[in-house]
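Asks: Data: run.cif, mmCIF, C-alpha atoms.
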data_entry
#
loop_
_atom_site.label_atom_id
_atom_site.label_comp_id
_atom_site.auth_asym_id
_atom_site.auth_seq_id
_atom_site.Cartn_x
_atom_site.Cartn_y
_atom_site.Cartn_z
CA MET A 1 72.52 -25.19 -73.01
CA LYS A 2 75.29 -23.24 -74.71
CA LYS A 3 77.89 -25.54 -73.12
CA LEU A 4 76.07 -28.68 -74.28
CA ARG A 5 75.69 -27.55 -77.89
CA PRO A 6 79.38 -27.87 -78.91
CA MET A 7 79.58 -31.25 -77.14
CA VAL A 8 76.54 -32.47 -79.06
CA ILE A 9 78.14 -31.28 -82.30
CA ALA A 10 81.31 -33.17 -81.32
CA ALA A 11 79.22 -36.28 -80.68
CA VAL A 12 77.63 -35.95 -84.13
CA CYS A 13 81.12 -35.73 -85.72
CA VAL A 14 82.20 -38.85 -83.81
CA SER A 15 79.04 -40.67 -84.90
CA LEU A 16 79.69 -39.82 -88.54
CA ALA A 17 83.34 -40.91 -88.23
CA SER A 18 82.17 -44.25 -86.83
CA GLN A 19 80.59 -45.06 -90.19
CA ILE A 20 84.08 -45.31 -91.73
CA ASN A 21 84.86 -48.82 -90.53
CA PHE A 22 85.56 -52.45 -91.27
CA ASP A 23 84.36 -55.65 -89.60
CA ILE A 24 86.71 -57.87 -87.58
CA PHE A 25 86.44 -60.99 -85.38
CA VAL A 26 82.65 -61.20 -85.36
CA PRO A 27 79.91 -59.81 -87.64
CA GLY A 28 78.77 -56.43 -86.30
CA PHE A 29 82.02 -55.63 -84.45
CA MET A 30 83.73 -52.79 -86.34
CA ILE A 31 86.97 -50.89 -86.18
CA SER A 32 86.31 -47.23 -87.09
CA LEU A 33 87.85 -43.76 -87.06
CA ALA A 34 85.52 -42.63 -84.27
CA PRO A 35 88.03 -43.03 -81.37
CA ILE A 36 90.59 -40.94 -83.28
CA ILE A 37 88.11 -38.09 -83.87
CA PHE A 38 86.80 -38.49 -80.31
CA THR A 39 90.19 -38.16 -78.62
CA LEU A 40 91.31 -35.32 -80.91
CA MET A 41 88.25 -33.27 -80.01
CA LEU A 42 88.76 -33.93 -76.32
CA TYR A 43 92.42 -32.95 -76.57
CA ILE A 44 91.72 -29.72 -78.45
CA ASN A 45 88.70 -28.79 -76.32
CA ARG A 46 89.58 -29.47 -72.69
CA ASP A 47 86.21 -28.00 -71.68
CA PHE A 48 84.45 -31.00 -73.25
CA ASN A 49 83.60 -33.54 -70.57
CA PRO A 50 84.37 -36.95 -72.15
CA ILE A 51 81.56 -38.66 -70.24
CA ILE A 52 78.95 -36.23 -71.61
CA VAL A 53 80.35 -36.39 -75.15
CA SER A 54 80.52 -40.20 -75.01
CA PHE A 55 76.95 -40.30 -73.70
CA PHE A 56 75.63 -38.39 -76.72
CA ALA A 57 77.90 -40.29 -79.11
CA GLY A 58 76.82 -43.55 -77.48
CA ILE A 59 73.22 -42.73 -78.34
CA MET A 60 73.63 -41.13 -81.76
CA SER A 61 76.12 -43.54 -83.30
CA PRO A 62 74.26 -46.77 -82.45
CA LEU A 63 70.93 -45.28 -83.55
CA TYR A 64 72.46 -44.14 -86.84
CA ARG A 65 74.12 -47.51 -87.25
CA GLY A 66 70.89 -49.36 -86.36
CA LEU A 67 68.98 -47.28 -88.93
CA ILE A 68 71.46 -48.29 -91.63
CA ILE A 69 71.15 -51.97 -90.64
CA TYR A 70 67.35 -51.68 -90.64
CA LEU A 71 67.28 -50.08 -94.10
CA SER A 72 69.62 -52.74 -95.44
CA GLY A 73 67.14 -55.40 -94.35
CA THR A 74 69.55 -57.17 -92.02
CA PHE A 75 67.80 -57.59 -88.66
CA ASP A 76 69.94 -60.26 -87.02
CA ASN A 77 71.34 -59.20 -83.64
CA VAL A 78 70.52 -55.53 -84.29
CA LEU A 79 69.72 -54.78 -80.66
CA GLU A 80 72.79 -56.64 -79.48
CA ILE A 81 75.01 -54.69 -81.87
CA ILE A 82 73.49 -51.38 -80.78
CA TYR A 83 73.82 -52.30 -77.11
CA ALA A 84 77.48 -53.30 -77.54
CA ASP A 85 78.21 -50.12 -79.50
CA MET A 86 76.72 -48.00 -76.72
CA LEU A 87 78.84 -49.84 -74.16
CA PHE A 88 81.95 -49.03 -76.18
CA TYR A 89 81.33 -45.26 -76.12
CA PHE A 90 80.23 -45.17 -72.50
CA SER A 91 83.24 -47.22 -71.41
CA PHE A 92 85.64 -45.20 -73.52
CA GLY A 93 84.37 -41.90 -72.07
CA ILE A 94 84.56 -43.11 -68.47
CA PHE A 95 88.08 -44.54 -68.84
CA PHE A 96 89.33 -41.41 -70.63
CA TYR A 97 87.74 -39.16 -68.00
CA PHE A 98 89.65 -40.72 -65.10
CA LEU A 99 92.88 -41.50 -66.94
CA TYR A 100 93.37 -38.11 -68.64
CA TRP A 101 90.64 -35.44 -68.51
CA ASN A 102 90.24 -35.37 -64.71
CA ARG A 103 93.97 -35.00 -64.06
CA PRO A 104 95.13 -31.44 -63.24
CA LYS A 105 98.40 -31.73 -65.18
CA THR A 106 98.71 -33.69 -68.38
CA THR A 107 101.25 -34.26 -71.15
CA ILE A 108 101.11 -35.77 -74.60
CA THR A 109 102.48 -38.96 -73.06
CA ASN A 110 99.54 -39.10 -70.62
CA PHE A 111 97.21 -38.54 -73.53
CA PHE A 112 98.73 -41.38 -75.52
CA ALA A 113 98.61 -43.83 -72.62
CA ALA A 114 95.03 -42.87 -71.69
CA THR A 115 93.93 -43.27 -75.31
CA VAL A 116 95.50 -46.72 -75.67
CA ILE A 117 94.03 -47.99 -72.40
CA SER A 118 90.57 -46.48 -72.97
CA ASP A 119 90.39 -47.77 -76.53
CA SER A 120 91.65 -51.25 -75.60
CA PHE A 121 89.30 -51.83 -72.66
CA ALA A 122 86.28 -50.29 -74.41
CA ASN A 123 86.84 -52.59 -77.39
CA MET A 124 87.35 -55.59 -75.10
CA ILE A 125 84.02 -54.88 -73.40
CA GLU A 126 82.26 -54.47 -76.74
CA VAL A 127 83.64 -57.65 -78.33
CA SER A 128 83.05 -59.64 -75.13
CA VAL A 129 79.37 -58.64 -75.13
CA MET A 130 79.02 -59.50 -78.80
CA LEU A 131 80.65 -62.91 -78.22
CA ARG A 132 78.45 -63.31 -75.15
CA PHE A 133 81.58 -63.86 -73.07
CA THR A 134 82.28 -67.16 -74.83
CA ASN A 135 85.04 -68.25 -77.18
CA ILE A 136 87.19 -65.28 -76.12
CA LYS A 137 90.79 -65.83 -77.14
CA TYR A 138 94.00 -64.13 -76.10
CA GLU A 139 94.75 -63.30 -79.75
CA ILE A 140 91.59 -61.18 -79.90
CA PHE A 141 92.66 -58.97 -76.99
CA GLN A 142 96.18 -58.77 -78.39
CA THR A 143 94.84 -57.53 -81.72
CA LEU A 144 92.57 -55.01 -79.98
CA ILE A 145 95.54 -53.60 -78.07
CA ILE A 146 97.52 -53.28 -81.31
CA ILE A 147 94.57 -51.52 -82.99
CA ALA A 148 94.26 -49.17 -79.98
CA PHE A 149 98.00 -48.47 -80.16
CA ILE A 150 97.77 -47.64 -83.87
CA ARG A 151 94.77 -45.35 -83.42
CA ALA A 152 96.42 -43.58 -80.47
CA THR A 153 99.59 -43.15 -82.54
CA ILE A 154 97.59 -41.59 -85.38
CA SER A 155 95.92 -39.21 -82.89
CA VAL A 156 99.26 -38.17 -81.39
CA CYS A 157 100.81 -37.65 -84.83
CA ILE A 158 97.91 -35.41 -85.85
CA ILE A 159 98.24 -33.46 -82.59
CA LEU A 160 101.99 -33.01 -83.10
CA LEU A 161 101.39 -31.80 -86.65
CA LEU A 162 98.76 -29.34 -85.42
CA ASN A 163 101.11 -28.09 -82.69
CA TYR A 164 103.93 -27.69 -85.21
CA TYR A 165 101.61 -25.78 -87.54
CA LYS A 166 100.59 -23.49 -84.66
CA PHE A 167 104.26 -23.02 -83.82
CA LEU A 168 105.02 -21.96 -87.38
CA LEU A 169 102.11 -19.50 -87.34
CA ARG A 170 103.24 -18.04 -84.01
CA ARG A 171 106.80 -17.81 -85.26
CA GLN A 172 105.70 -16.02 -88.42
CA GLU A 173 103.51 -13.67 -86.41
CA HIS A 174 106.36 -13.03 -83.97
CA GLU A 175 108.78 -12.26 -86.81
CA GLU A 176 106.29 -9.86 -88.42
CA ARG A 177 105.70 -8.07 -85.13
CA TYR A 178 109.43 -7.93 -84.43
CA ARG A 179 110.08 -6.46 -87.88
CA GLU A 180 107.37 -3.85 -87.36
CA LEU A 181 108.76 -3.02 -83.91
CA VAL A 182 112.29 -2.58 -85.25
CA MET A 183 111.08 -0.34 -88.08
CA ILE A 184 108.90 1.76 -85.76
CA THR A 185 111.69 2.06 -83.19
CA SER A 186 114.16 3.06 -85.90
CA ASN A 187 111.84 5.81 -87.15
CA VAL A 188 111.05 7.10 -83.65
CA LYS A 189 114.68 7.09 -82.45
CA SER A 190 115.72 8.98 -85.57
CA GLU A 191 112.96 11.52 -85.00
CA ILE A 192 114.07 11.88 -81.37
CA TYR A 193 117.60 12.52 -82.60
CA PHE A 194 116.46 15.33 -84.90
CA MET A 195 114.01 16.71 -82.36
CA ASN A 196 116.94 17.11 -79.97
CA LYS A 197 118.81 18.95 -82.71
CA ASN A 198 115.82 21.19 -83.37
CA ASN A 199 115.61 21.89 -79.67
CA ILE A 200 118.90 23.74 -79.98
CA HIS A 201 117.41 25.94 -82.71
CA ILE A 202 114.37 26.64 -80.53
CA GLU A 203 116.71 27.64 -77.70
CA ASN A 204 118.53 30.06 -80.03
CA VAL A 205 115.25 31.62 -81.18
CA MET A 206 114.21 32.13 -77.56
CA LYS A 207 117.55 33.75 -76.72
CA LYS A 208 117.32 36.09 -79.70
CA ALA A 209 113.80 37.13 -78.76
CA TYR A 210 114.91 37.90 -75.21
CA LEU A 211 117.99 39.83 -76.45
CA LEU A 212 115.68 41.80 -78.70
CA TYR A 213 113.55 42.67 -75.66
CA LYS A 214 116.64 43.91 -73.79
CA GLU A 215 117.78 46.03 -76.74
CA LEU A 216 114.33 47.55 -77.16
CA SER A 217 114.32 48.38 -73.46
CA LYS A 218 117.64 50.21 -73.75
CA GLU A 219 116.73 52.32 -76.77
CA GLY A 220 113.43 53.49 -75.34
CA TYR A 221 111.16 51.97 -77.95
CA PRO A 222 107.38 51.88 -77.38
CA VAL A 223 106.24 49.64 -74.53
CA ASN A 224 104.05 47.51 -76.78
CA LEU A 225 107.08 46.51 -78.91
CA LYS A 226 109.03 45.56 -75.79
CA GLU A 227 106.13 43.53 -74.46
CA MET A 228 105.65 41.86 -77.83
CA SER A 229 109.29 40.76 -78.00
CA LEU A 230 109.09 39.49 -74.43
CA ASP A 231 105.87 37.60 -75.26
CA VAL A 232 107.65 35.98 -78.20
CA ALA A 233 110.43 34.82 -75.86
CA LYS A 234 107.88 33.47 -73.38
CA ASP A 235 105.88 31.69 -76.08
CA VAL A 236 109.00 30.08 -77.50
CA HIS A 237 109.96 29.00 -73.99
CA GLU A 238 106.55 27.30 -73.55
CA ILE A 239 106.95 25.61 -76.92
CA LYS A 240 110.37 24.40 -75.84
CA LYS A 241 108.97 22.94 -72.59
CA GLY A 242 106.26 21.07 -74.50
CA TYR A 243 108.84 19.90 -77.03
CA ILE A 244 111.12 18.60 -74.24
CA ASN A 245 108.21 16.75 -72.61
CA ILE A 246 107.42 15.02 -75.89
CA ILE A 247 111.07 14.05 -76.35
CA ARG A 248 111.30 12.69 -72.80
CA GLY A 249 108.11 10.68 -73.29
CA LEU A 250 109.38 9.15 -76.52
CA GLU A 251 112.80 8.46 -75.04
CA GLY A 252 111.20 6.73 -72.07
CA GLN A 253 109.24 4.44 -74.38
CA PHE A 254 111.85 3.67 -77.01
CA ASN A 255 115.31 4.27 -75.60
CA GLY A 256 115.80 2.12 -72.51
CA ASN A 257 118.60 -0.36 -73.19
CA THR A 258 117.81 -0.83 -76.88
CA GLY A 259 120.85 1.20 -77.89
CA ASN A 260 123.16 -1.18 -76.01
CA ILE A 261 122.31 -4.19 -78.16
CA GLN A 262 124.30 -5.09 -81.25
CA MET A 263 122.56 -6.53 -84.28
CA ASN A 264 123.92 -8.64 -87.09
CA ILE A 265 123.92 -6.82 -90.44
CA LYS A 266 122.35 -9.84 -92.15
CA ASP A 267 119.43 -9.81 -89.71
CA LEU A 268 119.08 -6.06 -90.14
CA ILE A 269 118.99 -6.34 -93.93
CA SER A 270 116.52 -9.22 -93.69
CA ILE A 271 114.12 -6.89 -91.86
CA MET A 272 114.81 -4.13 -94.38
CA ASN A 273 114.25 -6.53 -97.28
CA ASP A 274 110.84 -7.63 -95.99
CA ASP A 275 109.75 -4.04 -95.37
CA VAL A 276 110.85 -2.77 -98.79
CA LYS A 277 109.37 -5.65 -100.78
CA GLU A 278 106.09 -5.40 -98.86
CA TYR A 279 105.93 -1.72 -99.80
CA ILE A 280 106.68 -2.49 -103.45
CA ARG A 281 104.00 -5.20 -103.60
CA GLY A 282 101.47 -3.01 -101.78
CA ASN A 283 101.97 -0.17 -104.26
CA LYS A 284 102.15 -2.49 -107.29
CA LEU A 285 105.49 -1.10 -108.42
CA LYS A 286 107.63 -2.79 -111.05
CA ILE A 287 110.85 -2.54 -109.08
CA PHE A 288 113.32 -5.27 -108.20
CA VAL A 289 115.54 -4.81 -105.15
CA ASP A 290 118.68 -6.90 -104.85
CA PHE A 291 120.71 -7.10 -101.63
CA ALA A 292 124.31 -8.34 -101.69
CA ILE A 293 126.00 -8.76 -98.29
CA VAL A 294 129.63 -9.45 -99.10
CA ASP A 295 130.83 -9.34 -95.48
CA ASN A 296 128.93 -9.88 -92.25
CA PHE A 297 129.48 -7.76 -89.15
CA ASN A 298 127.66 -6.46 -86.08
CA VAL A 299 126.14 -3.01 -85.77
CA ALA A 300 125.72 -1.23 -82.45
CA ASN A 301 123.52 1.72 -83.43
CA HIS A 302 121.46 -0.41 -85.77
CA TYR A 303 118.32 1.72 -85.49
CA TYR A 304 120.16 4.72 -86.92
CA LEU A 305 121.81 2.62 -89.63
CA LEU A 306 118.41 1.21 -90.57
CA THR A 307 117.14 4.78 -91.00
CA VAL A 308 120.07 5.59 -93.31
CA ILE A 309 119.63 2.53 -95.53
CA ARG A 310 115.86 2.83 -95.55
CA ASN A 311 115.97 6.50 -96.64
CA LEU A 312 118.42 5.74 -99.43
CA ILE A 313 116.36 2.81 -100.74
CA TYR A 314 113.06 4.69 -100.56
CA ASN A 315 114.64 7.64 -102.36
CA SER A 316 115.57 5.22 -105.14
CA ILE A 317 112.03 3.80 -105.14
CA GLU A 318 110.62 7.31 -105.58
CA ALA A 319 112.97 7.84 -108.52
CA LEU A 320 111.74 4.58 -110.10
CA GLU A 321 107.98 4.81 -109.49
CA ASN A 322 107.20 5.53 -113.15
CA LYS A 323 109.79 3.16 -114.57
CA LYS A 324 108.68 -0.21 -115.96
CA ASN A 325 111.89 -2.10 -115.13
CA GLY A 326 113.19 -0.45 -111.98
CA TYR A 327 116.26 -1.94 -110.36
CA ILE A 328 117.86 -1.15 -107.00
CA PHE A 329 121.10 -2.78 -105.94
CA VAL A 330 122.27 -2.63 -102.33
CA LYS A 331 125.81 -3.81 -101.65
CA ILE A 332 127.32 -4.12 -98.17
CA GLN A 333 130.95 -4.95 -97.49
CA ASN A 334 133.69 -4.53 -94.91
CA LYS A 335 136.83 -3.46 -96.74
CA ASN A 336 140.13 -2.24 -95.29
CA GLY A 337 138.55 -1.48 -91.92
CA GLU A 338 135.61 0.39 -93.44
CA CYS A 339 131.99 -0.70 -93.62
CA ILE A 340 130.77 0.35 -97.05
CA PHE A 341 127.08 0.63 -98.02
CA THR A 342 126.25 1.27 -101.66
CA VAL A 343 122.75 1.90 -102.96
CA SER A 344 122.41 2.26 -106.73
CA ASP A 345 119.44 2.45 -109.08
CA ASN A 346 118.62 2.90 -112.76
CA GLY A 347 116.30 5.80 -112.16
CA ALA A 348 116.14 9.27 -113.68
CA GLY A 349 119.35 10.34 -111.96
CA ILE A 350 120.26 13.76 -110.59
CA LYS A 351 121.45 16.70 -112.63
CA GLU A 352 125.09 17.55 -112.02
CA LYS A 353 124.23 21.08 -110.91
CA ASP A 354 121.86 19.69 -108.23
CA ILE A 355 124.19 17.12 -106.65
CA ALA A 356 125.91 19.75 -104.48
CA TYR A 357 122.55 20.76 -102.94
CA ILE A 358 120.74 17.47 -102.31
CA PHE A 359 121.82 17.39 -98.66
CA ASN A 360 120.56 20.91 -97.97
CA PRO A 361 117.39 21.11 -95.83
CA GLY A 362 114.34 21.76 -97.99
CA PHE A 363 116.01 20.92 -101.28
CA SER A 364 114.14 18.45 -103.48
CA THR A 365 113.92 17.61 -107.17
CA LYS A 366 110.70 15.64 -106.67
CA PHE A 367 107.24 17.08 -107.01
CA ASN A 368 103.71 15.84 -107.64
CA LYS A 369 102.73 16.60 -111.24
CA ASN A 370 99.03 16.50 -110.39
CA THR A 371 99.10 18.83 -107.37
CA GLY A 372 102.38 20.67 -107.86
CA ASP A 373 103.37 19.87 -104.26
CA ILE A 374 107.12 19.62 -103.70
CA CYS A 375 108.53 16.97 -101.37
CA ARG A 376 109.84 18.41 -98.13
CA GLY A 377 113.41 17.34 -98.97
CA ILE A 378 114.39 16.34 -95.45
CA GLY A 379 115.35 12.67 -95.95
CA MET A 380 118.84 13.16 -97.39
CA THR A 381 119.58 15.86 -94.82
CA HIS A 382 118.77 13.37 -92.07
CA VAL A 383 120.87 10.71 -93.74
CA LYS A 384 123.92 12.92 -93.93
CA ASP A 385 123.53 14.15 -90.34
CA ILE A 386 123.27 10.61 -88.98
CA VAL A 387 126.20 9.36 -91.07
CA ASN A 388 128.40 12.30 -90.05
CA GLU A 389 127.39 12.85 -86.43
CA VAL A 390 126.36 9.39 -85.15
CA PHE A 391 128.83 7.24 -87.09
CA GLY A 392 131.52 9.77 -88.05
CA GLY A 393 131.28 8.48 -91.62
CA THR A 394 131.10 9.96 -95.10
CA ILE A 395 128.50 9.91 -97.86
CA GLU A 396 129.22 10.30 -101.57
CA VAL A 397 126.81 10.70 -104.49
CA LYS A 398 127.46 9.77 -108.12
CA SER A 399 124.72 10.30 -110.64
CA ASN A 400 124.09 10.67 -114.35
CA ALA A 401 120.84 12.19 -115.54
CA GLY A 402 118.79 9.55 -117.33
CA VAL A 403 121.12 6.72 -116.26
CA GLY A 404 120.84 6.35 -112.51
CA THR A 405 122.28 7.22 -109.13
CA GLU A 406 124.80 5.58 -106.81
CA ILE A 407 125.17 6.65 -103.17
CA THR A 408 128.00 5.27 -101.06
CA VAL A 409 128.23 5.51 -97.28
CA LYS A 410 131.53 4.69 -95.59
CA ILE A 411 131.82 4.16 -91.83
CA ASP A 412 134.87 3.14 -89.84
CA GLU A 413 134.47 -0.43 -88.57
CA ARG A 414 135.31 0.67 -85.02
CA ARG A 415 132.55 3.27 -85.07
CA MET A 416 130.13 0.71 -86.48
CA VAL A 417 130.45 -1.58 -83.47
CA ALA A 418 130.84 1.23 -80.92
CA ILE A 419 127.76 2.28 -78.98
CA SER A 420 127.06 6.01 -78.97
CA GLN A 421 125.80 7.42 -75.68
#
Turn this file's structure into structure tokens for me.

Replies:
Amino acid sequence: MKKLRPMVIAAVCVSLASQINFDIFVPGFMISLAPIIFTLMLYINRDFNPIIVSFFAGIMSPLYRGLIIYLSGTFDNVLEIIYADMLFYFSFGIFFYFLYWNRPKTTITNFFAATVISDSFANMIEVSVMLRFTNIKYEIFQTLIIIAFIRATISVCIILLLNYYKFLLRRQEHEERYRELVMITSNVKSEIYFMNKNNIHIENVMKKAYLLYKELSKEGYPVNLKEMSLDVAKDVHEIKKGYINIIRGLEGQFNGNTGNIQMNIKDLISIMNDDVKEYIRGNKLKIFVDFAIVDNFNVANHYYLLTVIRNLIYNSIEALENKKNGYIFVKIQNKNGECIFTVSDNGAGIKEKDIAYIFNPGFSTKFNKNTGDICRGIGMTHVKDIVNEVFGGTIEVKSNAGVGTEITVKIDERRMVAISQ
């Protein structure tokens, strides 16, 4: 019953479409939109058996049509018209079933040919019955074939438009997913990079705890102090093992061969542009971001570069959150063998005495006025480490309090296209 319900609904739609028509050749013989709707539904829903759909349509449409004729007071040849109309739908469904629906592999060309043939022969049968197989002329069949060709062409055009629309939707969805994947991968790879750096600090803490245990053992300190220092070393060692397992898991998921692929800077900035503007719209900020790519070039370690640019831009956004006319300008150029990235804004700026400390871990000039919480101040530290250690580049800050800030990153072109291992 559940399978029949959608086919009955389809038959109702076809019956309604059949009422949009015009008479031709003989009174009662009509050319309608029904075959177009019929074939479109069968193309979109391959589970619909055309014989079953045509059976229901062949009952509903003639009855509906006969009711209209009855109410209009025209009773001449009503039964003949209904009978011929039923033959049209039954014939159309049977022809279409064998020519298209029952075939294991089909193409749009098969669909077009099956539609033309089914429409032509079904109409020929209908008009022949209505003419009582007399006074049938070649011109009539010729016109019916032309009408079938036109209706099939309309159906195919609609299908192509629908397929193109689906393609655009899939493409948009693919681009959004790709952008999200690139941003997520960039964030994770950067975190892996800094987790590996922190692992060195964990190793040093473990060594110091163990050295402390050895010193306490030599000097004859109480046993509980020696055991405590040894426990600290052991605990740090366990933390290190868990830390390494997390790093290995993340590296297995995100590293692979992704670092061996170069990416065009324009494509990279396009992803960055979409991400930034989506964030600005989502937070209803009055900030305009302008990207100017003067020169185009490829980037090997693009995930790390994306982290650098993203941190700089989002730092500017934070500085402009309370400004009514915020402006961020990102300029990218390749000049004298150097790739230069400049991010400037018209925000609050940085005090001259603070500029020397902004790259220090934990330093931050931003805090929440409502809660008093200070930002962790790790973004600029990460930026500098990546610029210096991954790309061998430099970063320079110029800022005037109350005017704005300009940060410039310079990376040798050869390091930009080289893949770090």

Asks: Name the residues that the PyMOL selection byres ((chain A and resi 122-131) around 6) picks from the file above, as a ChimeraX atom specification, using the file's chain letters and numbers.

Replies: /A:84,88,91-92,118-121,132-134

Asks: Expanded to explicit residues, what is the PyMOL selection byres ((chain A and resi 391) around 9) for this file, as a VMD selection string?

Replies: chain A and resid 301 305 386 to 390 392 to 394 411 to 412 415 to 416 418 420

Asks: Please provide as a list in words all residues within 9 Å of Gly404 of chain A, with the sequence filter that same-chain residues fewer than 2 positions apart are discarded (counting all atoms listed in the file).

Replies: Ala319, Ser344, Asp345, Asn346, Gly347, Ala348, Gly349, Ile350, Lys398, Ser399, Asn400, Ala401, Gly402 and Glu406 of chain A

Asks: Measuring atom to atom with only C-alpha atoms, identify which of A:Ile37, A:Ile154, A:Ile313, A:Leu181 is nearest to Tyr279 of chain A.

Replies: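 Result for the nearest residue to Tyr279 of chain A: A:Ile313.
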
Asks: Any idea what the distance is between atom CA of Ile36 of chain A and atom CA of Lys166 of chain A?

Replies: 20.2 Å

Asks: Around the point (106.5, 25.7, -82.7) in the file's coordinates, collect all residues with an atom within 12 Å, using all atoms listed in the file, and return them as a ChimeraX atom specification.

Replies: /A:195,198-199,201-203,205-206,232,235-244

Asks: How far is it from atom CA of Asp85 of chain A to atom CA of Gly58 of chain A, in Å with one decimal?

Replies: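 Between these atoms lies a distance of 7.0 Å.
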
Asks: Point out the residue among A:Ile328, A:Ile150, A:Val383, A:Leu169 with the least atom-to-atom distance to Ser190 of chain A, counting only C-alpha atoms.

Replies: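 Closest candidate: A:Val383.
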
Asks: Report as a list in words the full result of the PyMOL selection byres ((chain A and resi 148) around 8) when it is applied to this structure.

Replies: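 This file, filtered by the PyMOL selection byres ((chain A and resi 148) around 8), leaves Thr115, Val116, Ile117, Asp119, Ser120, Leu144, Ile145, Ile146, Ile147, Phe149, Ile150, Arg151 and Ala152 of chain A.
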
Asks: Which residue, A:Ile44, A:Ala114, A:Leu161, A:Ile271, has the smallest gap to Tyr303 of chain A when you use all atoms listed in the file?

Replies: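 Among the listed residues, A:Ile271 lies closest to Tyr303 of chain A.
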
Asks: What does the distance from atom CA of Lys266 of chain A to atom CA of Arg177 of chain A come to in Å, to one decimal?

Replies: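 Here the two named atoms are 18.2 Å from each other.
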
Asks: In the coordinate frame of the file, compute which residues have an atom within 6 Å of (112.8, -2.2, -106.9) when using only C-alpha atoms, and state them as a short mmCIF file (atom, residue, chain, number, x, y, z; two decimals) with C-alpha atoms, in the frame of the given file.

Replies:
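And here is the file that came out, out32.cif:
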data_model
loop_
_atom_site.label_atom_id
_atom_site.label_comp_id
_atom_site.auth_asym_id
_atom_site.auth_seq_id
_atom_site.Cartn_x
_atom_site.Cartn_y
_atom_site.Cartn_z
CA ILE A 287 110.85 -2.54 -109.08
CA PHE A 288 113.32 -5.27 -108.20
CA VAL A 289 115.54 -4.81 -105.15
CA GLY A 326 113.19 -0.45 -111.98
CA TYR A 327 116.26 -1.94 -110.36
CA ILE A 328 117.86 -1.15 -107.00
#

Asks: Pick out the closest residue to Glu191 of chain A from this set: A:Ala233, A:Ile269, A:Tyr100, A:Gly379. Count only C-alpha atoms.

Replies: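 Closest to Glu191 of chain A of all the choices is A:Gly379.
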
Asks: Compare A:Asp231, A:Ile108, A:Phe297, A:Leu33 by their minimum atom-to-atom distance to Asn163 of chain A, counting only C-alpha atoms, and give me the closest one.

Replies: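 Closest to Asn163 of chain A, using only C-alpha atoms: A:Ile108.
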
Asks: Restricting the calculation to all atoms listed in the file, which member of A:Gln142, A:Asn334, A:Asn322, A:Asn311 is positioned closest to Val294 of chain A?

Replies: A:Asn334

Asks: At a cut-off of 6 Å, using all atoms listed in the file, what residues contact Tyr213 of chain A? Leave out same-chain residues fewer than 4 positions from it and give the result as a PyMOL selection string.

Replies: chain A and resi 226+229-230

Asks: Return the padded bounding box of segment 115-119 of chain A as JSON: axis-aligned, built from all atoms listed in the file, 3 Å added on each side, with centre and edge lengths in Å to one decimal.

Replies:
{"center_x": 92.9, "center_y": -45.6, "center_z": -74.5, "size_x": 11.1, "size_y": 10.7, "size_z": 10.1}
